[in-house]
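One file, target_1.cif, carrying mmCIF, C-alpha atoms:
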data_data
loop_
_atom_site.group_PDB
_atom_site.id
_atom_site.type_symbol
_atom_site.label_atom_id
_atom_site.label_comp_id
_atom_site.auth_asym_id
_atom_site.auth_seq_id
_atom_site.Cartn_x
_atom_site.Cartn_y
_atom_site.Cartn_z
ATOM 1 C CA MET C 4 -15.759 12.493 13.235
ATOM 2 C CA ALA C 5 -13.591 9.406 13.134
ATOM 3 C CA THR C 6 -10.811 8.148 15.342
ATOM 4 C CA ILE C 7 -7.635 7.721 13.293
ATOM 5 C CA LEU C 8 -4.619 5.708 14.426
ATOM 6 C CA SER C 9 -1.458 7.040 12.777
ATOM 7 C CA VAL C 10 1.188 4.301 12.860
ATOM 8 C CA SER C 11 4.813 5.150 12.187
ATOM 9 C CA GLY C 12 6.886 2.106 11.263
ATOM 10 C CA SER C 13 10.101 4.116 11.197
ATOM 11 C CA PRO C 14 12.901 3.206 13.605
ATOM 12 C CA SER C 15 13.934 6.880 13.894
ATOM 13 C CA ALA C 16 12.012 9.680 15.616
ATOM 14 C CA THR C 17 13.612 12.221 13.297
ATOM 15 C CA SER C 18 12.968 10.298 10.095
ATOM 16 C CA ARG C 19 11.207 11.819 7.137
ATOM 17 C CA THR C 20 8.485 9.182 7.472
ATOM 18 C CA ALA C 21 7.739 10.090 11.102
ATOM 19 C CA ARG C 22 7.699 13.810 10.340
ATOM 20 C CA LEU C 23 5.534 13.330 7.254
ATOM 21 C CA LEU C 24 2.994 11.404 9.325
ATOM 22 C CA LEU C 25 2.881 14.215 11.889
ATOM 23 C CA HIS C 26 2.244 16.640 9.020
ATOM 24 C CA LEU C 27 -0.669 14.536 7.745
ATOM 25 C CA ASP C 28 -1.963 14.043 11.304
ATOM 26 C CA GLN C 29 -2.323 17.827 11.560
ATOM 27 C CA ARG C 30 -4.368 17.916 8.371
ATOM 28 C CA LEU C 31 -6.646 15.126 9.596
ATOM 29 C CA THR C 32 -7.061 16.856 12.967
ATOM 30 C CA ALA C 33 -7.988 20.092 11.171
ATOM 31 C CA GLN C 34 -10.662 18.097 9.352
ATOM 32 C CA GLY C 35 -12.222 17.183 12.692
ATOM 33 C CA HIS C 36 -10.793 13.728 13.338
ATOM 34 C CA GLU C 37 -9.298 12.517 16.572
ATOM 35 C CA VAL C 38 -5.797 11.410 15.593
ATOM 36 C CA ILE C 39 -3.790 9.108 17.837
ATOM 37 C CA PRO C 40 -0.108 8.904 16.869
ATOM 38 C CA PHE C 41 1.568 5.559 17.512
ATOM 39 C CA ASP C 42 5.289 5.047 16.999
ATOM 40 C CA VAL C 43 6.225 1.381 16.768
ATOM 41 C CA ARG C 44 9.788 2.325 17.767
ATOM 42 C CA ASP C 45 8.443 3.079 21.272
ATOM 43 C CA VAL C 46 7.383 -0.544 21.785
ATOM 44 C CA PRO C 47 10.120 -2.374 23.699
ATOM 45 C CA ALA C 48 12.251 -4.543 21.434
ATOM 46 C CA GLU C 49 11.900 -7.549 23.738
ATOM 47 C CA ALA C 50 8.109 -7.415 23.327
ATOM 48 C CA LEU C 51 8.312 -7.197 19.531
ATOM 49 C CA LEU C 52 11.116 -9.671 18.934
ATOM 50 C CA GLY C 53 10.019 -12.066 21.678
ATOM 51 C CA ALA C 54 6.427 -12.078 20.352
ATOM 52 C CA ASP C 55 5.148 -11.227 23.831
ATOM 53 C CA PHE C 56 1.424 -10.890 23.133
ATOM 54 C CA ARG C 57 0.778 -10.116 26.826
ATOM 55 C CA HIS C 58 3.274 -7.272 27.077
ATOM 56 C CA PRO C 59 1.408 -4.059 28.037
ATOM 57 C CA ALA C 60 2.731 -2.234 24.955
ATOM 58 C CA ILE C 61 1.396 -4.961 22.628
ATOM 59 C CA VAL C 62 -1.920 -5.054 24.485
ATOM 60 C CA GLN C 63 -2.116 -1.258 24.130
ATOM 61 C CA ALA C 64 -1.301 -1.383 20.401
ATOM 62 C CA THR C 65 -3.999 -4.006 19.861
ATOM 63 C CA ALA C 66 -6.527 -1.869 21.760
ATOM 64 C CA LEU C 67 -5.617 1.241 19.756
ATOM 65 C CA VAL C 68 -6.149 -0.601 16.487
ATOM 66 C CA ALA C 69 -9.462 -1.986 17.744
ATOM 67 C CA GLN C 70 -10.830 1.453 18.683
ATOM 68 C CA ALA C 71 -9.755 3.162 15.456
ATOM 69 C CA ASP C 72 -12.108 3.799 12.563
ATOM 70 C CA GLY C 73 -9.179 4.354 10.240
ATOM 71 C CA VAL C 74 -5.470 3.623 10.270
ATOM 72 C CA VAL C 75 -2.697 5.517 8.520
ATOM 73 C CA VAL C 76 0.323 3.231 8.114
ATOM 74 C CA GLY C 77 3.583 4.991 7.336
ATOM 75 C CA THR C 78 6.874 3.263 6.666
ATOM 76 C CA PRO C 79 10.246 3.891 5.147
ATOM 77 C CA VAL C 80 11.066 1.477 2.356
ATOM 78 C CA TYR C 81 14.185 -0.627 2.742
ATOM 79 C CA LYS C 82 15.200 -3.087 0.013
ATOM 80 C CA ALA C 83 11.820 -2.739 -1.746
ATOM 81 C CA ALA C 84 9.756 -3.586 1.353
ATOM 82 C CA TYR C 85 8.259 -1.880 4.388
ATOM 83 C CA SER C 86 10.287 -1.741 7.606
ATOM 84 C CA GLY C 87 11.011 -4.803 9.698
ATOM 85 C CA LEU C 88 9.888 -2.807 12.724
ATOM 86 C CA LEU C 89 6.426 -2.410 11.199
ATOM 87 C CA GLN C 90 6.390 -6.104 10.252
ATOM 88 C CA SER C 91 7.167 -7.054 13.844
ATOM 89 C CA LEU C 92 4.112 -5.158 15.075
ATOM 90 C CA LEU C 93 1.794 -6.443 12.349
ATOM 91 C CA ASP C 94 2.837 -10.003 13.220
ATOM 92 C CA LEU C 95 1.640 -9.502 16.801
ATOM 93 C CA LEU C 96 -1.759 -8.017 16.031
ATOM 94 C CA PRO C 97 -4.754 -10.344 15.776
ATOM 95 C CA GLN C 98 -5.183 -11.944 12.340
ATOM 96 C CA TYR C 99 -8.211 -9.811 11.449
ATOM 97 C CA ALA C 100 -7.304 -6.679 13.421
ATOM 98 C CA LEU C 101 -8.018 -4.416 10.437
ATOM 99 C CA THR C 102 -11.508 -5.737 9.661
ATOM 100 C CA GLY C 103 -13.890 -2.834 9.166
ATOM 101 C CA LYS C 104 -11.078 -0.256 9.136
ATOM 102 C CA THR C 105 -10.271 2.230 6.402
ATOM 103 C CA ILE C 106 -6.529 2.144 5.719
ATOM 104 C CA LEU C 107 -4.176 4.705 4.177
ATOM 105 C CA PRO C 108 -0.744 3.214 3.334
ATOM 106 C CA LEU C 109 2.163 5.647 2.975
ATOM 107 C CA ALA C 110 5.823 5.045 2.238
ATOM 108 C CA THR C 111 8.979 7.073 1.869
ATOM 109 C CA GLY C 112 12.196 6.115 0.165
ATOM 110 C CA GLY C 113 15.252 7.272 -1.666
ATOM 111 C CA SER C 114 14.436 5.996 -5.139
ATOM 112 C CA THR C 115 11.465 5.580 -7.440
ATOM 113 C CA ALA C 116 12.611 1.962 -7.744
ATOM 114 C CA HIS C 117 10.727 1.392 -4.474
ATOM 115 C CA VAL C 118 7.438 2.993 -5.505
ATOM 116 C CA LEU C 119 5.648 -0.362 -5.857
ATOM 117 C CA ALA C 120 6.437 -1.395 -2.269
ATOM 118 C CA ILE C 121 3.012 -0.163 -1.177
ATOM 119 C CA ASP C 122 1.089 -2.256 -3.704
ATOM 120 C CA TYR C 123 3.270 -5.355 -3.764
ATOM 121 C CA ALA C 124 4.530 -5.576 -0.178
ATOM 122 C CA LEU C 125 2.361 -3.567 2.231
ATOM 123 C CA ARG C 126 -1.133 -3.736 0.705
ATOM 124 C CA PRO C 127 -1.292 -7.578 0.616
ATOM 125 C CA VAL C 128 -0.396 -7.802 4.318
ATOM 126 C CA LEU C 129 -2.978 -5.186 5.259
ATOM 127 C CA SER C 130 -5.553 -7.008 3.173
ATOM 128 C CA SER C 131 -4.722 -10.340 4.805
ATOM 129 C CA MET C 132 -5.447 -8.698 8.158
ATOM 130 C CA GLY C 133 -9.036 -8.065 7.106
ATOM 131 C CA ALA C 134 -8.775 -4.572 5.648
ATOM 132 C CA THR C 135 -11.297 -4.338 2.855
ATOM 133 C CA HIS C 136 -11.125 -0.582 2.294
ATOM 134 C CA ILE C 137 -7.535 0.359 1.581
ATOM 135 C CA VAL C 138 -7.558 3.751 -0.108
ATOM 136 C CA PRO C 139 -4.891 4.563 -2.695
ATOM 137 C CA GLY C 140 -1.580 5.019 -0.934
ATOM 138 C CA TRP C 141 1.297 7.304 -1.714
ATOM 139 C CA PHE C 142 5.072 6.949 -2.007
ATOM 140 C CA THR C 143 7.091 10.102 -1.333
ATOM 141 C CA LEU C 144 10.714 10.445 -2.320
ATOM 142 C CA ASP C 145 13.071 11.441 0.474
ATOM 143 C CA LYS C 146 14.320 14.338 -1.639
ATOM 144 C CA ASP C 147 10.796 15.796 -1.629
ATOM 145 C CA ILE C 148 10.742 16.025 2.182
ATOM 146 C CA THR C 149 12.881 18.608 3.960
ATOM 147 C CA ALA C 150 12.960 18.602 7.744
ATOM 148 C CA GLY C 151 14.164 21.689 9.560
ATOM 149 C CA ASP C 152 16.184 21.584 12.774
ATOM 150 C CA ASP C 153 13.223 23.220 14.536
ATOM 151 C CA GLY C 154 10.896 20.339 13.629
ATOM 152 C CA THR C 155 9.288 22.061 10.657
ATOM 153 C CA LEU C 156 8.608 20.127 7.503
ATOM 154 C CA ALA C 157 8.562 21.248 3.903
ATOM 155 C CA VAL C 158 7.192 19.005 1.188
ATOM 156 C CA ALA C 159 7.919 19.688 -2.495
ATOM 157 C CA PRO C 160 4.855 21.218 -4.181
ATOM 158 C CA GLY C 161 3.947 18.239 -6.395
ATOM 159 C CA ALA C 162 4.277 15.762 -3.539
ATOM 160 C CA ALA C 163 2.433 18.091 -1.153
ATOM 161 C CA GLU C 164 -0.507 18.359 -3.531
ATOM 162 C CA ALA C 165 -0.693 14.591 -4.001
ATOM 163 C CA LEU C 166 -0.440 13.957 -0.244
ATOM 164 C CA ALA C 167 -3.199 16.468 0.444
ATOM 165 C CA GLN C 168 -5.424 14.761 -2.125
ATOM 166 C CA ILE C 169 -4.939 11.227 -0.804
ATOM 167 C CA THR C 170 -5.298 12.442 2.789
ATOM 168 C CA ASP C 171 -8.577 14.124 1.877
ATOM 169 C CA GLN C 172 -9.788 10.948 0.124
ATOM 170 C CA PHE C 173 -8.955 8.966 3.250
ATOM 171 C CA SER C 174 -10.715 11.550 5.436
ATOM 172 C CA ALA C 175 -13.845 11.327 3.299
ATOM 173 C CA ALA C 176 -13.716 7.529 3.370
ATOM 174 C CA VAL C 177 -13.728 7.463 7.185
ATOM 175 C CA GLY C 178 -16.499 10.028 7.314
ATOM 176 C CA GLY C 179 -14.828 13.388 7.638
ATOM 177 C CA ARG C 180 -14.931 16.707 5.903
ATOM 178 C CA THR C 181 -12.209 17.341 3.387
ATOM 179 C CA THR C 182 -11.813 21.095 3.417
ATOM 180 C CA VAL C 183 -9.065 22.648 5.457
ATOM 181 C CA LEU C 184 -8.546 26.288 6.306
ATOM 182 C CA ALA C 185 -5.660 27.804 4.358
ATOM 183 C CA ALA C 186 -3.755 28.512 7.561
ATOM 184 C CA THR C 187 -3.583 24.795 8.461
ATOM 185 C CA GLY C 188 -2.766 23.422 5.009
#

As structure tokens, the full file:
Amino acid sequence: MATILSVSGSPSATSRTARLLLHLDQRLTAQGHEVIPFDVRDVPAEALLGADFRHPAIVQATALVAQADGVVVGTPVYKAAYSGLLQSLLDLLPQYALTGKTILPLATGGSTAHVLAIDYALRPVLSSMGATHIVPGWFTLDKDITAGDDGTLAVAPGAAEALAQITDQFSAAVGGRTTVLAATG
């Protein structure tokens, strides 16, 4: 199976975006993939904002991208664009870091007014970094994601079905099986 890097561009560990990625990571793991979660918020700010290409956290991020067969990129949408935190990381990766990778772009936001952020903001950047196989992404409304205090996540049925479908398409594209036992879905 494939190695998947799951990148959270959310500045908050308890954000809906971060929790949604963990939910999808579980599905991809159940399909036999090795999933490596990577939270951009854990990279020191001085490395990101100072464009310190030699900082160990940036070197590690670059290595993780290089070893991955596929990359899931999740971001909250602010002002019709992906997060500045995610942009800071993408700016520090090599120009063609995504060459040969299968990419799944995901976004969350409070309004359907931001639904095109994936296609008009995120997808062009991913493409410019060499990604030639960007599977259809998905935008999930914040109201469709409910996070429990215990870390559980509930996704509204329509959104859950769509997320499962695009996750399975991504899994198939990176060479995985797409059936999941009912207990893990």

For C:Asp72, which residue among C:Val138, C:Ala100, C:Leu8, C:Val158 is the nearest when counting only C-alpha atoms? C:Leu8

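Atom CA of C:His26 lies 26.3 Å from atom CA of C:Thr102.
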
Give as an MDAnalysis selection string the residues that the PyMOL selection byres ((chain C and resi 21) around 12) matches when applied to the coordinates above. chainID C and resid 9:20 22:28 40:44 75:79 109:111 145 148 150 154 156

Would you put the residues from that selection into a file with C-alpha atoms, as a compact mmCIF listing (two decimals), in the coordinates of the input?
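Generated output (part38.txt):
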# COMPACT_ATOMS: atom_id res chain seq x y z
CA SER C 9 -1.46 7.04 12.78
CA VAL C 10 1.19 4.30 12.86
CA SER C 11 4.81 5.15 12.19
CA GLY C 12 6.89 2.11 11.26
CA SER C 13 10.10 4.12 11.20
CA PRO C 14 12.90 3.21 13.60
CA SER C 15 13.93 6.88 13.89
CA ALA C 16 12.01 9.68 15.62
CA THR C 17 13.61 12.22 13.30
CA SER C 18 12.97 10.30 10.10
CA ARG C 19 11.21 11.82 7.14
CA THR C 20 8.48 9.18 7.47
CA ARG C 22 7.70 13.81 10.34
CA LEU C 23 5.53 13.33 7.25
CA LEU C 24 2.99 11.40 9.32
CA LEU C 25 2.88 14.22 11.89
CA HIS C 26 2.24 16.64 9.02
CA LEU C 27 -0.67 14.54 7.74
CA ASP C 28 -1.96 14.04 11.30
CA PRO C 40 -0.11 8.90 16.87
CA PHE C 41 1.57 5.56 17.51
CA ASP C 42 5.29 5.05 17.00
CA VAL C 43 6.22 1.38 16.77
CA ARG C 44 9.79 2.33 17.77
CA VAL C 75 -2.70 5.52 8.52
CA VAL C 76 0.32 3.23 8.11
CA GLY C 77 3.58 4.99 7.34
CA THR C 78 6.87 3.26 6.67
CA PRO C 79 10.25 3.89 5.15
CA LEU C 109 2.16 5.65 2.98
CA ALA C 110 5.82 5.04 2.24
CA THR C 111 8.98 7.07 1.87
CA ASP C 145 13.07 11.44 0.47
CA ILE C 148 10.74 16.02 2.18
CA ALA C 150 12.96 18.60 7.74
CA GLY C 154 10.90 20.34 13.63
CA LEU C 156 8.61 20.13 7.50

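Shell of stretch 132-136 of chain C at 8 Å, with only C-alpha atoms counted and residues fewer than 3 places along the chain excluded, is Pro97, Gln98, Tyr99, Ala100, Leu101, Thr102, Gly103, Lys104, Thr105, Ile106, Val128 and Leu129 of chain C.
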
Got time to write the residues from that selection, C-alpha atoms, as a compact mmCIF listing (two decimals), in the coordinates of the input?
# COMPACT_ATOMS: atom_id res chain seq x y z
CA PRO C 97 -4.75 -10.34 15.78
CA GLN C 98 -5.18 -11.94 12.34
CA TYR C 99 -8.21 -9.81 11.45
CA ALA C 100 -7.30 -6.68 13.42
CA LEU C 101 -8.02 -4.42 10.44
CA THR C 102 -11.51 -5.74 9.66
CA GLY C 103 -13.89 -2.83 9.17
CA LYS C 104 -11.08 -0.26 9.14
CA THR C 105 -10.27 2.23 6.40
CA ILE C 106 -6.53 2.14 5.72
CA VAL C 128 -0.40 -7.80 4.32
CA LEU C 129 -2.98 -5.19 5.26

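What separates atom CA of C:Ala84 from atom CA of C:Pro127 is a distance of 11.8 Å.
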
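Under the PyMOL selection byres ((chain C and resi 37) around 7), the matching residues in the shown file are C:Ala5, C:Thr6, C:Ile7, C:Thr32, C:Gly35, C:His36, C:Val38, C:Ile39.
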
Place a sphere of radius 12 Å on (1.0, -10.3, 14.8) in the file coordinates and name every protein, DNA or RNA residue with an atom inside or on its surface, counting all atoms listed in the file; give the answer as a PyMOL selection string. chain C and resi 50-56+61-62+64-65+88-101+128-129+131-132

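Coordinates place atom CA of C:Val74 at a distance of 13.9 Å from atom CA of C:Met4.
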
List the residues selected by the PyMOL selection byres ((chain C and resi 162) around 10) in the file shown, writing them as a ChimeraX atom specification. /C:141-144,147-148,158-161,163-168

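Comparing C:Gln70, C:Thr149, C:Gln63, C:Ser114 by their smallest distance to C:Ala83, the closest is C:Ser114 (using all atoms listed in the file).
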
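Nearest to C:Gln172 of all the residues C:Val68, C:Leu31, C:Ala48, C:Leu125 is C:Leu31, counting only C-alpha atoms.
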
Where atoms are absent from stretch 16-27 of chain C, fill them in so it carries all heavy atoms, then output it as a CSV table (one decimal), in the frame of the given file.
chain,number,residue,atom,x,y,z
C,16,ALA,N,13.0,8.6,15.3
C,16,ALA,CA,12.0,9.7,15.6
C,16,ALA,C,12.2,10.9,14.7
C,16,ALA,O,11.3,11.7,14.5
C,16,ALA,CB,12.2,10.1,17.1
C,17,THR,N,13.4,11.1,14.1
C,17,THR,CA,13.6,12.2,13.3
C,17,THR,C,13.6,11.9,11.8
C,17,THR,O,14.0,12.7,11.0
C,17,THR,CB,15.0,12.8,13.6
C,17,THR,OG1,16.0,11.9,13.4
C,17,THR,CG2,15.0,13.4,15.1
C,18,SER,N,13.0,10.7,11.5
C,18,SER,CA,13.0,10.3,10.1
C,18,SER,C,12.0,11.1,9.3
C,18,SER,O,11.0,11.7,9.8
C,18,SER,CB,12.6,8.8,10.0
C,18,SER,OG,11.2,8.7,10.3
C,19,ARG,N,12.2,11.1,8.0
C,19,ARG,CA,11.2,11.8,7.1
C,19,ARG,C,9.8,11.2,7.2
C,19,ARG,O,8.8,11.9,7.2
C,19,ARG,CB,11.7,11.8,5.7
C,19,ARG,CG,12.9,12.7,5.5
C,19,ARG,CD,13.4,12.5,4.0
C,19,ARG,NE,14.6,13.3,3.8
C,19,ARG,CZ,15.8,13.0,4.0
C,19,ARG,NH1,16.1,11.8,4.4
C,19,ARG,NH2,16.8,13.8,3.7
C,20,THR,N,9.8,9.9,7.4
C,20,THR,CA,8.5,9.2,7.5
C,20,THR,C,7.7,9.7,8.7
C,20,THR,O,6.5,10.0,8.6
C,20,THR,CB,8.7,7.7,7.6
C,20,THR,OG1,9.4,7.2,6.4
C,20,THR,CG2,7.4,6.9,7.6
C,21,ALA,N,8.4,9.7,9.9
C,21,ALA,CA,7.7,10.1,11.1
C,21,ALA,C,7.3,11.5,11.0
C,21,ALA,O,6.1,11.8,11.4
C,21,ALA,CB,8.7,9.9,12.3
C,22,ARG,N,8.1,12.4,10.5
C,22,ARG,CA,7.7,13.8,10.3
C,22,ARG,C,6.6,14.0,9.3
C,22,ARG,O,5.7,14.8,9.5
C,22,ARG,CB,8.9,14.6,10.0
C,22,ARG,CG,9.9,14.7,11.1
C,22,ARG,CD,11.0,15.7,10.8
C,22,ARG,NE,12.0,15.7,11.9
C,22,ARG,CZ,13.0,16.5,11.9
C,22,ARG,NH1,13.2,17.4,11.0
C,22,ARG,NH2,13.9,16.5,12.9
C,23,LEU,N,6.6,13.2,8.2
C,23,LEU,CA,5.5,13.3,7.3
C,23,LEU,C,4.2,12.9,7.9
C,23,LEU,O,3.2,13.5,7.6
C,23,LEU,CB,5.9,12.5,6.0
C,23,LEU,CG,4.9,12.6,4.8
C,23,LEU,CD1,4.9,14.0,4.3
C,23,LEU,CD2,5.3,11.7,3.7
C,24,LEU,N,4.2,11.8,8.7
C,24,LEU,CA,3.0,11.4,9.3
C,24,LEU,C,2.5,12.5,10.2
C,24,LEU,O,1.2,12.7,10.3
C,24,LEU,CB,3.2,10.1,10.1
C,24,LEU,CG,3.2,8.8,9.3
C,24,LEU,CD1,3.6,7.7,10.1
C,24,LEU,CD2,1.8,8.6,8.7
C,25,LEU,N,3.3,13.1,11.0
C,25,LEU,CA,2.9,14.2,11.9
C,25,LEU,C,2.2,15.3,11.1
C,25,LEU,O,1.2,15.9,11.5
C,25,LEU,CB,4.0,14.8,12.7
C,25,LEU,CG,4.6,13.8,13.8
C,25,LEU,CD1,5.8,14.4,14.5
C,25,LEU,CD2,3.5,13.5,14.8
C,26,HIS,N,2.8,15.6,9.9
C,26,HIS,CA,2.2,16.6,9.0
C,26,HIS,C,0.8,16.2,8.6
C,26,HIS,O,-0.1,17.1,8.6
C,26,HIS,CB,3.2,16.8,7.8
C,26,HIS,CG,2.7,17.8,6.8
C,26,HIS,ND1,2.8,19.1,7.0
C,26,HIS,CD2,2.3,17.5,5.5
C,26,HIS,CE1,2.3,19.7,5.9
C,26,HIS,NE2,2.0,18.8,5.0
C,27,LEU,N,0.7,15.0,8.2
C,27,LEU,CA,-0.7,14.5,7.7
C,27,LEU,C,-1.6,14.4,8.9
C,27,LEU,O,-2.8,14.7,8.8
C,27,LEU,CB,-0.6,13.2,7.0
C,27,LEU,CG,0.3,13.2,5.7
C,27,LEU,CD1,0.3,11.8,5.1
C,27,LEU,CD2,-0.3,14.2,4.8
